[in-house]
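Enquirer: So that you have it, the file is query_28.cif, and it contains mmCIF, N, CA and C atoms and all ligand atoms:
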```cif
data_my_file
loop_
_atom_site.label_atom_id
_atom_site.label_comp_id
_atom_site.auth_asym_id
_atom_site.auth_seq_id
_atom_site.Cartn_x
_atom_site.Cartn_y
_atom_site.Cartn_z
N MET A 187 11.23 -14.85 -13.20
CA MET A 187 10.49 -14.15 -12.14
C MET A 187 9.57 -15.15 -11.44
N THR A 188 10.10 -15.82 -10.44
CA THR A 188 9.33 -16.86 -9.74
C THR A 188 8.46 -16.25 -8.64
N PRO A 189 7.16 -16.55 -8.62
CA PRO A 189 6.34 -16.05 -7.51
C PRO A 189 6.74 -16.74 -6.19
N LEU A 190 6.97 -15.93 -5.17
CA LEU A 190 7.39 -16.46 -3.86
C LEU A 190 6.31 -16.28 -2.80
N GLY A 191 5.41 -15.33 -3.04
CA GLY A 191 4.37 -15.06 -2.05
C GLY A 191 3.26 -14.23 -2.67
N LEU A 192 2.05 -14.42 -2.16
CA LEU A 192 0.88 -13.70 -2.68
C LEU A 192 0.09 -13.14 -1.51
N GLY A 193 -0.37 -11.91 -1.64
CA GLY A 193 -1.21 -11.33 -0.59
C GLY A 193 -2.30 -10.46 -1.18
N ILE A 194 -3.45 -10.44 -0.52
CA ILE A 194 -4.57 -9.61 -0.99
C ILE A 194 -5.23 -8.99 0.23
N ASP A 195 -5.77 -7.78 0.08
CA ASP A 195 -6.48 -7.17 1.22
C ASP A 195 -7.54 -6.20 0.72
N LEU A 196 -8.63 -6.15 1.48
CA LEU A 196 -9.77 -5.29 1.16
C LEU A 196 -10.02 -4.39 2.37
N VAL A 197 -10.11 -3.09 2.14
CA VAL A 197 -10.27 -2.14 3.25
C VAL A 197 -11.51 -1.28 3.03
N GLU A 198 -12.29 -1.09 4.09
CA GLU A 198 -13.43 -0.17 4.01
C GLU A 198 -12.91 1.26 4.13
N VAL A 199 -13.16 2.07 3.10
CA VAL A 199 -12.64 3.44 3.09
C VAL A 199 -13.19 4.23 4.28
N GLY A 200 -14.42 3.94 4.69
CA GLY A 200 -15.04 4.65 5.82
C GLY A 200 -14.26 4.50 7.11
N ARG A 201 -13.63 3.32 7.29
CA ARG A 201 -12.83 3.06 8.48
C ARG A 201 -11.60 3.98 8.50
N ILE A 202 -11.00 4.12 7.35
CA ILE A 202 -9.81 4.99 7.24
C ILE A 202 -10.23 6.46 7.35
N ARG A 203 -11.39 6.79 6.75
CA ARG A 203 -11.91 8.17 6.83
C ARG A 203 -12.11 8.55 8.32
N ASP A 204 -12.64 7.61 9.10
CA ASP A 204 -12.86 7.87 10.54
C ASP A 204 -11.53 8.07 11.27
N LEU A 205 -10.55 7.22 10.96
CA LEU A 205 -9.23 7.33 11.62
C LEU A 205 -8.58 8.67 11.27
N LEU A 206 -8.75 9.10 10.02
CA LEU A 206 -8.17 10.38 9.59
C LEU A 206 -8.86 11.54 10.32
N THR A 207 -10.17 11.42 10.51
CA THR A 207 -10.92 12.48 11.19
C THR A 207 -10.54 12.52 12.67
N LYS A 208 -10.48 11.32 13.30
CA LYS A 208 -10.23 11.26 14.75
C LYS A 208 -8.78 11.53 15.10
N HIS A 209 -7.85 10.95 14.34
CA HIS A 209 -6.44 11.01 14.76
C HIS A 209 -5.54 11.80 13.81
N GLY A 210 -6.08 12.23 12.69
CA GLY A 210 -5.37 13.13 11.76
C GLY A 210 -3.91 12.80 11.54
N GLU A 211 -3.06 13.80 11.81
CA GLU A 211 -1.63 13.70 11.49
C GLU A 211 -0.96 12.52 12.22
N ARG A 212 -1.41 12.24 13.46
CA ARG A 212 -0.78 11.16 14.24
C ARG A 212 -0.96 9.81 13.52
N PHE A 213 -2.20 9.57 13.04
CA PHE A 213 -2.47 8.33 12.30
C PHE A 213 -1.67 8.31 11.00
N LYS A 214 -1.68 9.43 10.29
CA LYS A 214 -0.98 9.50 9.00
C LYS A 214 0.49 9.18 9.17
N GLU A 215 1.13 9.87 10.14
CA GLU A 215 2.58 9.75 10.27
C GLU A 215 3.01 8.38 10.81
N LYS A 216 2.13 7.74 11.59
CA LYS A 216 2.46 6.41 12.12
C LYS A 216 2.36 5.35 11.02
N THR A 217 1.46 5.58 10.06
CA THR A 217 1.11 4.52 9.12
C THR A 217 1.65 4.73 7.70
N PHE A 218 1.90 5.98 7.35
CA PHE A 218 2.27 6.28 5.96
C PHE A 218 3.55 7.12 5.89
N THR A 219 4.31 6.93 4.80
CA THR A 219 5.54 7.71 4.62
C THR A 219 5.19 9.13 4.14
N ALA A 220 6.18 10.01 4.18
CA ALA A 220 5.96 11.39 3.75
C ALA A 220 5.51 11.43 2.29
N GLY A 221 6.09 10.57 1.46
CA GLY A 221 5.71 10.54 0.05
C GLY A 221 4.26 10.08 -0.14
N GLU A 222 3.87 9.07 0.62
CA GLU A 222 2.48 8.57 0.53
C GLU A 222 1.51 9.67 0.99
N ILE A 223 1.86 10.35 2.08
CA ILE A 223 0.99 11.42 2.61
C ILE A 223 0.85 12.54 1.58
N ALA A 224 1.98 12.92 0.98
CA ALA A 224 1.94 14.01 0.00
C ALA A 224 1.03 13.64 -1.17
N TYR A 225 1.14 12.40 -1.66
CA TYR A 225 0.30 11.99 -2.78
C TYR A 225 -1.18 11.95 -2.39
N CYS A 226 -1.49 11.26 -1.30
CA CYS A 226 -2.90 11.09 -0.90
C CYS A 226 -3.55 12.45 -0.65
N ASP A 227 -2.83 13.34 0.04
CA ASP A 227 -3.41 14.65 0.37
C ASP A 227 -3.58 15.53 -0.87
N SER A 228 -2.90 15.16 -1.97
CA SER A 228 -3.05 15.95 -3.21
C SER A 228 -4.27 15.50 -4.01
N CYS A 229 -4.90 14.39 -3.60
CA CYS A 229 -6.04 13.85 -4.35
C CYS A 229 -7.36 14.42 -3.82
N ALA A 230 -8.37 14.37 -4.66
CA ALA A 230 -9.67 14.97 -4.30
C ALA A 230 -10.30 14.27 -3.09
N ASP A 231 -10.13 12.94 -3.00
CA ASP A 231 -10.68 12.20 -1.86
C ASP A 231 -9.53 11.41 -1.22
N PRO A 232 -8.73 12.06 -0.35
CA PRO A 232 -7.54 11.41 0.21
C PRO A 232 -7.84 10.06 0.87
N ALA A 233 -8.96 9.92 1.58
CA ALA A 233 -9.23 8.69 2.33
C ALA A 233 -9.18 7.45 1.43
N MET A 234 -9.67 7.59 0.21
CA MET A 234 -9.71 6.47 -0.74
C MET A 234 -8.28 6.00 -1.05
N HIS A 235 -7.37 6.95 -1.21
CA HIS A 235 -5.99 6.62 -1.57
C HIS A 235 -5.22 6.11 -0.34
N TYR A 236 -5.51 6.69 0.84
CA TYR A 236 -4.92 6.15 2.07
C TYR A 236 -5.38 4.72 2.28
N ALA A 237 -6.67 4.47 2.07
CA ALA A 237 -7.20 3.12 2.27
C ALA A 237 -6.52 2.12 1.33
N ALA A 238 -6.28 2.55 0.10
CA ALA A 238 -5.62 1.67 -0.87
C ALA A 238 -4.20 1.34 -0.41
N ARG A 239 -3.51 2.35 0.12
CA ARG A 239 -2.14 2.11 0.59
C ARG A 239 -2.13 1.23 1.85
N PHE A 240 -3.15 1.40 2.67
CA PHE A 240 -3.29 0.53 3.85
C PHE A 240 -3.47 -0.92 3.37
N ALA A 241 -4.29 -1.09 2.35
CA ALA A 241 -4.53 -2.43 1.80
C ALA A 241 -3.24 -3.01 1.22
N VAL A 242 -2.44 -2.17 0.56
CA VAL A 242 -1.16 -2.67 0.01
C VAL A 242 -0.26 -3.17 1.14
N LYS A 243 -0.20 -2.41 2.24
CA LYS A 243 0.68 -2.80 3.34
C LYS A 243 0.23 -4.13 3.94
N GLU A 244 -1.08 -4.30 4.10
CA GLU A 244 -1.60 -5.57 4.64
C GLU A 244 -1.34 -6.71 3.64
N ALA A 245 -1.58 -6.45 2.37
CA ALA A 245 -1.38 -7.48 1.35
C ALA A 245 0.10 -7.84 1.25
N ALA A 246 0.97 -6.84 1.36
CA ALA A 246 2.42 -7.09 1.28
C ALA A 246 2.86 -7.94 2.47
N ALA A 247 2.31 -7.62 3.66
CA ALA A 247 2.66 -8.41 4.85
C ALA A 247 2.23 -9.87 4.64
N LYS A 248 1.05 -10.06 4.04
CA LYS A 248 0.60 -11.44 3.77
C LYS A 248 1.53 -12.13 2.78
N SER A 249 2.00 -11.39 1.77
CA SER A 249 2.85 -12.01 0.75
C SER A 249 4.20 -12.42 1.34
N ILE A 250 4.64 -11.70 2.37
CA ILE A 250 5.94 -12.01 2.98
C ILE A 250 5.78 -13.13 4.01
N GLY A 251 4.62 -13.20 4.63
CA GLY A 251 4.36 -14.29 5.57
C GLY A 251 3.83 -13.79 6.87
N THR A 252 3.26 -14.71 7.63
CA THR A 252 2.64 -14.31 8.89
C THR A 252 3.70 -13.89 9.91
N GLY A 253 3.25 -13.12 10.88
CA GLY A 253 4.16 -12.75 11.96
C GLY A 253 5.03 -11.55 11.68
N LEU A 254 4.80 -10.90 10.53
CA LEU A 254 5.66 -9.77 10.15
C LEU A 254 5.58 -8.65 11.18
N TRP A 255 4.35 -8.32 11.62
CA TRP A 255 4.19 -7.22 12.58
C TRP A 255 4.84 -7.58 13.92
N ALA A 256 4.79 -8.88 14.28
CA ALA A 256 5.37 -9.31 15.55
C ALA A 256 6.89 -9.19 15.53
N HIS A 257 7.48 -9.14 14.35
CA HIS A 257 8.95 -9.06 14.24
C HIS A 257 9.45 -7.62 14.16
N GLY A 258 8.64 -6.69 14.68
CA GLY A 258 9.11 -5.31 14.77
C GLY A 258 9.05 -4.55 13.46
N VAL A 259 8.34 -5.09 12.48
CA VAL A 259 8.22 -4.38 11.20
C VAL A 259 7.24 -3.23 11.38
N ASP A 260 7.61 -2.09 10.84
CA ASP A 260 6.82 -0.87 10.98
C ASP A 260 5.98 -0.67 9.71
N TRP A 261 4.82 0.00 9.87
CA TRP A 261 3.97 0.28 8.69
C TRP A 261 4.79 0.97 7.60
N ASN A 262 5.68 1.84 8.02
CA ASN A 262 6.45 2.61 7.04
C ASN A 262 7.60 1.83 6.41
N ASP A 263 7.79 0.56 6.85
CA ASP A 263 8.75 -0.31 6.17
C ASP A 263 8.16 -0.82 4.85
N LEU A 264 6.86 -0.58 4.66
CA LEU A 264 6.17 -1.00 3.43
C LEU A 264 5.64 0.29 2.80
N GLU A 265 6.18 0.66 1.64
CA GLU A 265 5.85 1.97 1.07
C GLU A 265 5.37 1.84 -0.38
N VAL A 266 4.31 2.56 -0.70
CA VAL A 266 3.82 2.57 -2.08
C VAL A 266 4.41 3.80 -2.79
N LEU A 267 5.19 3.53 -3.84
CA LEU A 267 5.74 4.60 -4.67
C LEU A 267 4.90 4.64 -5.95
N ARG A 268 5.06 5.69 -6.73
CA ARG A 268 4.31 5.80 -7.99
C ARG A 268 5.27 6.06 -9.13
N GLU A 269 5.06 5.32 -10.23
CA GLU A 269 5.82 5.63 -11.44
C GLU A 269 5.17 6.83 -12.10
N GLU A 270 5.84 7.41 -13.08
CA GLU A 270 5.30 8.61 -13.74
C GLU A 270 3.92 8.37 -14.34
N SER A 271 3.67 7.13 -14.78
CA SER A 271 2.39 6.78 -15.40
C SER A 271 1.26 6.67 -14.37
N GLY A 272 1.63 6.68 -13.08
CA GLY A 272 0.63 6.46 -12.03
C GLY A 272 0.65 5.05 -11.50
N ARG A 273 1.37 4.18 -12.20
CA ARG A 273 1.46 2.77 -11.79
C ARG A 273 2.15 2.68 -10.42
N PRO A 274 1.52 1.95 -9.47
CA PRO A 274 2.13 1.87 -8.15
C PRO A 274 3.23 0.81 -8.09
N LYS A 275 4.19 1.04 -7.23
CA LYS A 275 5.17 -0.02 -6.97
C LYS A 275 5.51 -0.03 -5.49
N LEU A 276 5.93 -1.20 -5.01
CA LEU A 276 6.18 -1.38 -3.58
C LEU A 276 7.66 -1.24 -3.29
N ALA A 277 7.98 -0.44 -2.28
CA ALA A 277 9.36 -0.36 -1.80
C ALA A 277 9.37 -0.92 -0.38
N LEU A 278 10.32 -1.81 -0.12
CA LEU A 278 10.45 -2.39 1.22
C LEU A 278 11.67 -1.79 1.91
N HIS A 279 11.52 -1.54 3.20
CA HIS A 279 12.62 -0.99 3.99
C HIS A 279 12.76 -1.83 5.26
N GLY A 280 13.86 -1.64 5.96
CA GLY A 280 14.07 -2.21 7.29
C GLY A 280 13.76 -3.70 7.39
N GLY A 281 12.97 -4.05 8.42
CA GLY A 281 12.66 -5.45 8.69
C GLY A 281 11.90 -6.13 7.56
N ALA A 282 11.02 -5.41 6.90
CA ALA A 282 10.24 -6.00 5.79
C ALA A 282 11.18 -6.39 4.65
N LYS A 283 12.14 -5.51 4.37
CA LYS A 283 13.10 -5.77 3.29
C LYS A 283 13.95 -7.01 3.66
N ALA A 284 14.40 -7.05 4.90
CA ALA A 284 15.23 -8.17 5.35
C ALA A 284 14.48 -9.50 5.23
N HIS A 285 13.19 -9.50 5.64
CA HIS A 285 12.38 -10.72 5.57
C HIS A 285 12.23 -11.17 4.12
N ALA A 286 11.89 -10.22 3.24
CA ALA A 286 11.67 -10.55 1.82
C ALA A 286 12.96 -11.08 1.19
N GLU A 287 14.08 -10.45 1.55
CA GLU A 287 15.36 -10.89 0.97
C GLU A 287 15.72 -12.29 1.45
N ARG A 288 15.38 -12.58 2.71
CA ARG A 288 15.65 -13.94 3.23
C ARG A 288 14.85 -14.98 2.45
N MET A 289 13.68 -14.56 1.92
CA MET A 289 12.85 -15.48 1.11
C MET A 289 13.40 -15.60 -0.31
N GLY A 290 14.40 -14.77 -0.64
CA GLY A 290 14.98 -14.79 -1.99
C GLY A 290 14.33 -13.80 -2.93
N SER A 291 13.52 -12.88 -2.37
CA SER A 291 12.80 -11.93 -3.21
C SER A 291 13.70 -10.80 -3.70
N THR A 292 13.48 -10.41 -4.96
CA THR A 292 14.20 -9.25 -5.51
C THR A 292 13.22 -8.17 -5.95
N GLY A 293 11.92 -8.40 -5.76
CA GLY A 293 10.94 -7.38 -6.15
C GLY A 293 9.53 -7.87 -5.96
N SER A 294 8.58 -7.10 -6.49
CA SER A 294 7.18 -7.47 -6.32
C SER A 294 6.33 -6.86 -7.43
N LEU A 295 5.14 -7.40 -7.58
CA LEU A 295 4.15 -6.85 -8.50
C LEU A 295 2.97 -6.44 -7.64
N ILE A 296 2.46 -5.22 -7.84
CA ILE A 296 1.30 -4.83 -7.03
C ILE A 296 0.23 -4.19 -7.92
N SER A 297 -1.01 -4.29 -7.47
CA SER A 297 -2.11 -3.62 -8.17
C SER A 297 -3.11 -3.12 -7.13
N ILE A 298 -3.68 -1.95 -7.43
CA ILE A 298 -4.61 -1.26 -6.52
C ILE A 298 -5.90 -0.97 -7.27
N THR A 299 -7.03 -1.10 -6.58
CA THR A 299 -8.28 -0.57 -7.12
C THR A 299 -9.09 0.01 -5.96
N HIS A 300 -9.88 1.05 -6.23
CA HIS A 300 -10.70 1.62 -5.16
C HIS A 300 -11.94 2.32 -5.69
N THR A 301 -12.94 2.35 -4.80
CA THR A 301 -14.13 3.18 -4.98
C THR A 301 -14.19 4.07 -3.74
N ARG A 302 -15.23 4.87 -3.61
CA ARG A 302 -15.34 5.70 -2.40
C ARG A 302 -15.63 4.85 -1.16
N GLU A 303 -16.07 3.60 -1.36
CA GLU A 303 -16.40 2.73 -0.23
C GLU A 303 -15.32 1.68 0.09
N LEU A 304 -14.72 1.12 -0.94
CA LEU A 304 -13.78 0.00 -0.75
C LEU A 304 -12.48 0.22 -1.51
N ALA A 305 -11.40 -0.26 -0.90
CA ALA A 305 -10.10 -0.23 -1.58
C ALA A 305 -9.50 -1.62 -1.48
N MET A 306 -8.91 -2.07 -2.57
CA MET A 306 -8.35 -3.42 -2.60
C MET A 306 -6.96 -3.38 -3.22
N ALA A 307 -6.09 -4.25 -2.71
CA ALA A 307 -4.74 -4.33 -3.27
C ALA A 307 -4.30 -5.79 -3.33
N GLN A 308 -3.47 -6.06 -4.32
CA GLN A 308 -2.91 -7.39 -4.48
C GLN A 308 -1.39 -7.24 -4.63
N VAL A 309 -0.66 -8.12 -3.98
CA VAL A 309 0.81 -8.07 -4.03
C VAL A 309 1.33 -9.47 -4.34
N ILE A 310 2.23 -9.55 -5.31
CA ILE A 310 2.92 -10.81 -5.60
C ILE A 310 4.41 -10.56 -5.38
N LEU A 311 4.98 -11.30 -4.45
CA LEU A 311 6.41 -11.18 -4.17
C LEU A 311 7.14 -12.09 -5.15
N VAL A 312 8.14 -11.55 -5.83
CA VAL A 312 8.86 -12.38 -6.84
C VAL A 312 10.34 -12.43 -6.53
C1 LIG B 1 -5.01 3.66 -14.25
C2 LIG B 1 -6.48 3.95 -14.42
C3 LIG B 1 -6.97 3.09 -15.54
C4 LIG B 1 -7.16 3.60 -13.10
O1 LIG B 1 -8.36 2.90 -13.29
P1 LIG B 1 -9.73 3.22 -12.55
O2 LIG B 1 -10.68 2.13 -12.81
O3 LIG B 1 -10.10 4.62 -12.88
O4 LIG B 1 -9.33 3.25 -10.99
P2 LIG B 1 -8.97 2.06 -9.99
O5 LIG B 1 -9.58 2.44 -8.69
O6 LIG B 1 -9.29 0.71 -10.51
O7 LIG B 1 -7.37 2.16 -9.90
C5 LIG B 1 -6.75 3.29 -9.37
C6 LIG B 1 -5.33 2.89 -9.11
O8 LIG B 1 -4.73 2.43 -10.32
C7 LIG B 1 -3.33 2.53 -10.17
N1 LIG B 1 -2.76 3.03 -11.42
C8 LIG B 1 -2.73 4.30 -11.88
N2 LIG B 1 -2.09 4.34 -13.05
C9 LIG B 1 -1.69 3.08 -13.35
C10 LIG B 1 -0.98 2.48 -14.41
N3 LIG B 1 -0.52 3.21 -15.44
N4 LIG B 1 -0.74 1.15 -14.39
C11 LIG B 1 -1.18 0.40 -13.34
N5 LIG B 1 -1.87 0.91 -12.28
C12 LIG B 1 -2.13 2.24 -12.30
C13 LIG B 1 -3.05 3.49 -9.02
O9 LIG B 1 -2.49 2.75 -7.95
C14 LIG B 1 -4.44 4.03 -8.66
O10 LIG B 1 -4.60 4.26 -7.29
P3 LIG B 1 -3.84 5.49 -6.58
O11 LIG B 1 -4.14 6.73 -7.36
O12 LIG B 1 -4.41 5.51 -5.18
O13 LIG B 1 -2.38 5.13 -6.59
C15 LIG B 1 -6.76 5.43 -14.83
O14 LIG B 1 -7.83 5.97 -14.12
C16 LIG B 1 -5.56 6.35 -14.64
O15 LIG B 1 -4.75 6.50 -15.54
N6 LIG B 1 -5.38 7.01 -13.48
C17 LIG B 1 -4.23 7.89 -13.22
C18 LIG B 1 -4.11 8.23 -11.73
C19 LIG B 1 -5.10 9.30 -11.33
O16 LIG B 1 -5.77 9.91 -12.13
N7 LIG B 1 -5.19 9.58 -10.02
C20 LIG B 1 -6.15 10.56 -9.52
C21 LIG B 1 -5.95 10.83 -8.07
S1 LIG B 1 -4.76 12.09 -7.79
#
```
Go ahead and express the file in the form of structure tokens.
Ligand SMILES: CC(C)(COP(=O)(O)OP(=O)(O)OC[C@H]1O[C@@H](n2cnc3c(N)ncnc32)[C@H](O)[C@@H]1OP(=O)(O)O)[C@@H](O)C(=O)NCCC(=O)NCCS
Expert:
Amino acid sequence: MTPLGLGIDLVEVGRIRDLLTKHGERFKEKTFTAGEIAYCDSCADPAMHYAARFAVKEAAAKSIGTGLWAHGVDWNDLEVLREESGRPKLALHGGAKAHAERMGSTGSLISITHTRELAMAQVILV
């Protein structure tokens, strides 16, 4: 399992809370998959979990390399899934998947942490 890329990102939960208040469903659907929305909305403080997933997407883009957004990659091409234990895992689709595969990647390791103020994620592309 050779590390091919590393990315980290820190997100202010308040920024995501504001976007959810101002743009609601439009922001959610543009940025998160149906599965991510279902999970976050089932939690007591959805903004914290949305912020964490936003951080994963930014961290994943960093792990794959710069210019990902310029290459037509969509926010929803980077998806956080959950194992039964609650452990998060990253699923890549579309352009993000193609970029990662070109780098020789077959998977990734991710970790999330959050408080009501800050959410952080780390991604290692392997
Ligand atoms: C895993 C656990 C130790 C998290 O530690 P914590 O210090 O309380 O919280 P942190 O903010 O550091 O981490 C939370 C993140 O840990 C991750 N996590 C949960 N279970 C995990 C596991 N078994 N292995 C690795 N990561 C895990 C998740 O990504 C979670 O964020 P998410 O709910 O937005 O996906 C523990 O609290 C737990 O088992 N949580 C289960 C999930 C849960 O209760 N979610 C409630 C919201 S619905």
Enquirer: Using only C-alpha atoms and all ligand atoms, which residues of the polymer chains come no farther than 6 Å from ligand LIG 1 (chain B)? I'd like the answer as a count of residues only.
Expert: 11
Enquirer: Expressed in Å to a single decimal, how great is the separation between atom CA of Ser294 of chain A and atom CA of Phe240 of chain A?
Expert: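 Going from atom CA of Ser294 of chain A over to atom CA of Phe240 of chain A covers 16.6 Å.
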Enquirer: Do you know which residues are at most 6 Å from segment 250-262 of chain A counting only N, CA and C atoms, after dropping those on the same chain fewer than 2 positions away, and could you put them as a PDB file with N, CA and C atoms, in the frame of the given file?
Expert:
```pdb
ATOM      1  N   GLY A 191       5.410 -15.330  -3.040  1.00  0.00           N
ATOM      2  CA  GLY A 191       4.370 -15.060  -2.050  1.00  0.00           C
ATOM      3  C   GLY A 191       3.260 -14.230  -2.670  1.00  0.00           C
ATOM      4  N   LEU A 192       2.050 -14.420  -2.160  1.00  0.00           N
ATOM      5  CA  LEU A 192       0.880 -13.700  -2.680  1.00  0.00           C
ATOM      6  C   LEU A 192       0.090 -13.140  -1.510  1.00  0.00           C
ATOM      7  N   LYS A 216       2.130   7.740  11.590  1.00  0.00           N
ATOM      8  CA  LYS A 216       2.460   6.410  12.120  1.00  0.00           C
ATOM      9  C   LYS A 216       2.360   5.350  11.020  1.00  0.00           C
ATOM     10  N   THR A 217       1.460   5.580  10.060  1.00  0.00           N
ATOM     11  CA  THR A 217       1.110   4.520   9.120  1.00  0.00           C
ATOM     12  C   THR A 217       1.650   4.730   7.700  1.00  0.00           C
ATOM     13  N   PHE A 218       1.900   5.980   7.350  1.00  0.00           N
ATOM     14  CA  PHE A 218       2.270   6.280   5.960  1.00  0.00           C
ATOM     15  C   PHE A 218       3.550   7.120   5.890  1.00  0.00           C
ATOM     16  N   THR A 219       4.310   6.930   4.800  1.00  0.00           N
ATOM     17  CA  THR A 219       5.540   7.710   4.620  1.00  0.00           C
ATOM     18  C   THR A 219       5.190   9.130   4.140  1.00  0.00           C
ATOM     19  N   ALA A 246       0.970  -6.840   1.360  1.00  0.00           N
ATOM     20  CA  ALA A 246       2.420  -7.090   1.280  1.00  0.00           C
ATOM     21  C   ALA A 246       2.860  -7.940   2.470  1.00  0.00           C
ATOM     22  N   ALA A 247       2.310  -7.620   3.660  1.00  0.00           N
ATOM     23  CA  ALA A 247       2.660  -8.410   4.850  1.00  0.00           C
ATOM     24  C   ALA A 247       2.230  -9.870   4.640  1.00  0.00           C
ATOM     25  N   LYS A 248       1.050 -10.060   4.040  1.00  0.00           N
ATOM     26  CA  LYS A 248       0.600 -11.440   3.770  1.00  0.00           C
ATOM     27  C   LYS A 248       1.530 -12.130   2.780  1.00  0.00           C
ATOM     28  N   LEU A 264       6.860  -0.580   4.660  1.00  0.00           N
ATOM     29  CA  LEU A 264       6.170  -1.000   3.430  1.00  0.00           C
ATOM     30  C   LEU A 264       5.640   0.290   2.800  1.00  0.00           C
ATOM     31  N   GLU A 265       6.180   0.660   1.640  1.00  0.00           N
ATOM     32  CA  GLU A 265       5.850   1.970   1.070  1.00  0.00           C
ATOM     33  C   GLU A 265       5.370   1.840  -0.380  1.00  0.00           C
ATOM     34  N   GLY A 281      12.970  -4.050   8.420  1.00  0.00           N
ATOM     35  CA  GLY A 281      12.660  -5.450   8.690  1.00  0.00           C
ATOM     36  C   GLY A 281      11.900  -6.130   7.560  1.00  0.00           C
ATOM     37  N   ALA A 282      11.020  -5.410   6.900  1.00  0.00           N
ATOM     38  CA  ALA A 282      10.240  -6.000   5.790  1.00  0.00           C
ATOM     39  C   ALA A 282      11.180  -6.390   4.650  1.00  0.00           C
TER      40      ALA A 282
END
```
Enquirer: Quick one: everything within 8 Å of Cys226 of chain A, counting only C-alpha atoms, minus sequence neighbours fewer than 5 positions away in the same chain. Send it as a list of chain:residue names.
Expert: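 Contacts, in chain order: A:Asp231, A:Pro232, A:Ala233, A:His235, A:Tyr236.
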Enquirer: Just checking: using only N, CA and C atoms, which residue out of A:Leu196, A:Val266, A:Leu276, A:Ala220 ends up closest to Ala241 of chain A?
Expert: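 Smallest distance to Ala241 of chain A is found for A:Leu196.
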Enquirer: Please indicate the distance in Å from atom C of Met306 of chain A to atom N of Ala286 of chain A, rounded to one decimal place.
Expert: 21.1 Å
Enquirer: Report as a short mmCIF file (atom, residue, chain, number, x, y, z; two decimals) with N, CA and C atoms, in the frame of the given file all protein, DNA and RNA residues lying within 6.5 Å of Asp263 of chain A, evaluated on all atoms listed in the file, omitting residues in the same chain fewer than 6 positions from it.
Expert:
```cif
data_model
loop_
_atom_site.label_atom_id
_atom_site.label_comp_id
_atom_site.auth_asym_id
_atom_site.auth_seq_id
_atom_site.Cartn_x
_atom_site.Cartn_y
_atom_site.Cartn_z
N ALA A 277 7.98 -0.44 -2.28
CA ALA A 277 9.36 -0.36 -1.80
C ALA A 277 9.37 -0.92 -0.38
N LEU A 278 10.32 -1.81 -0.12
CA LEU A 278 10.45 -2.39 1.22
C LEU A 278 11.67 -1.79 1.91
N HIS A 279 11.52 -1.54 3.20
CA HIS A 279 12.62 -0.99 3.99
C HIS A 279 12.76 -1.83 5.26
N GLY A 280 13.86 -1.64 5.96
CA GLY A 280 14.07 -2.21 7.29
C GLY A 280 13.76 -3.70 7.39
N GLY A 281 12.97 -4.05 8.42
CA GLY A 281 12.66 -5.45 8.69
C GLY A 281 11.90 -6.13 7.56
N ALA A 282 11.02 -5.41 6.90
CA ALA A 282 10.24 -6.00 5.79
C ALA A 282 11.18 -6.39 4.65
N LYS A 283 12.14 -5.51 4.37
CA LYS A 283 13.10 -5.77 3.29
C LYS A 283 13.95 -7.01 3.66
#
```
Enquirer: Just to confirm, what's the straight-line distance from atom C of Ser249 of chain A to atom CA of Ala305 of chain A in Å (one decimal)?
Expert: 19.0 Å
Enquirer: Just the alpha helix (DSSP H) stuff from chain A, please, per backbone DSSP, written as JSON, numbers by chain.
Expert: {"A": [199, 200, 201, 202, 203, 204, 205, 206, 207, 208, 209, 210, 211, 212, 213, 214, 215, 216, 217, 220, 221, 222, 223, 224, 225, 226, 227, 232, 233, 234, 235, 236, 237, 238, 239, 240, 241, 242, 243, 244, 245, 246, 247, 248, 249, 250, 280, 281, 282, 283, 284, 285, 286, 287, 288]}
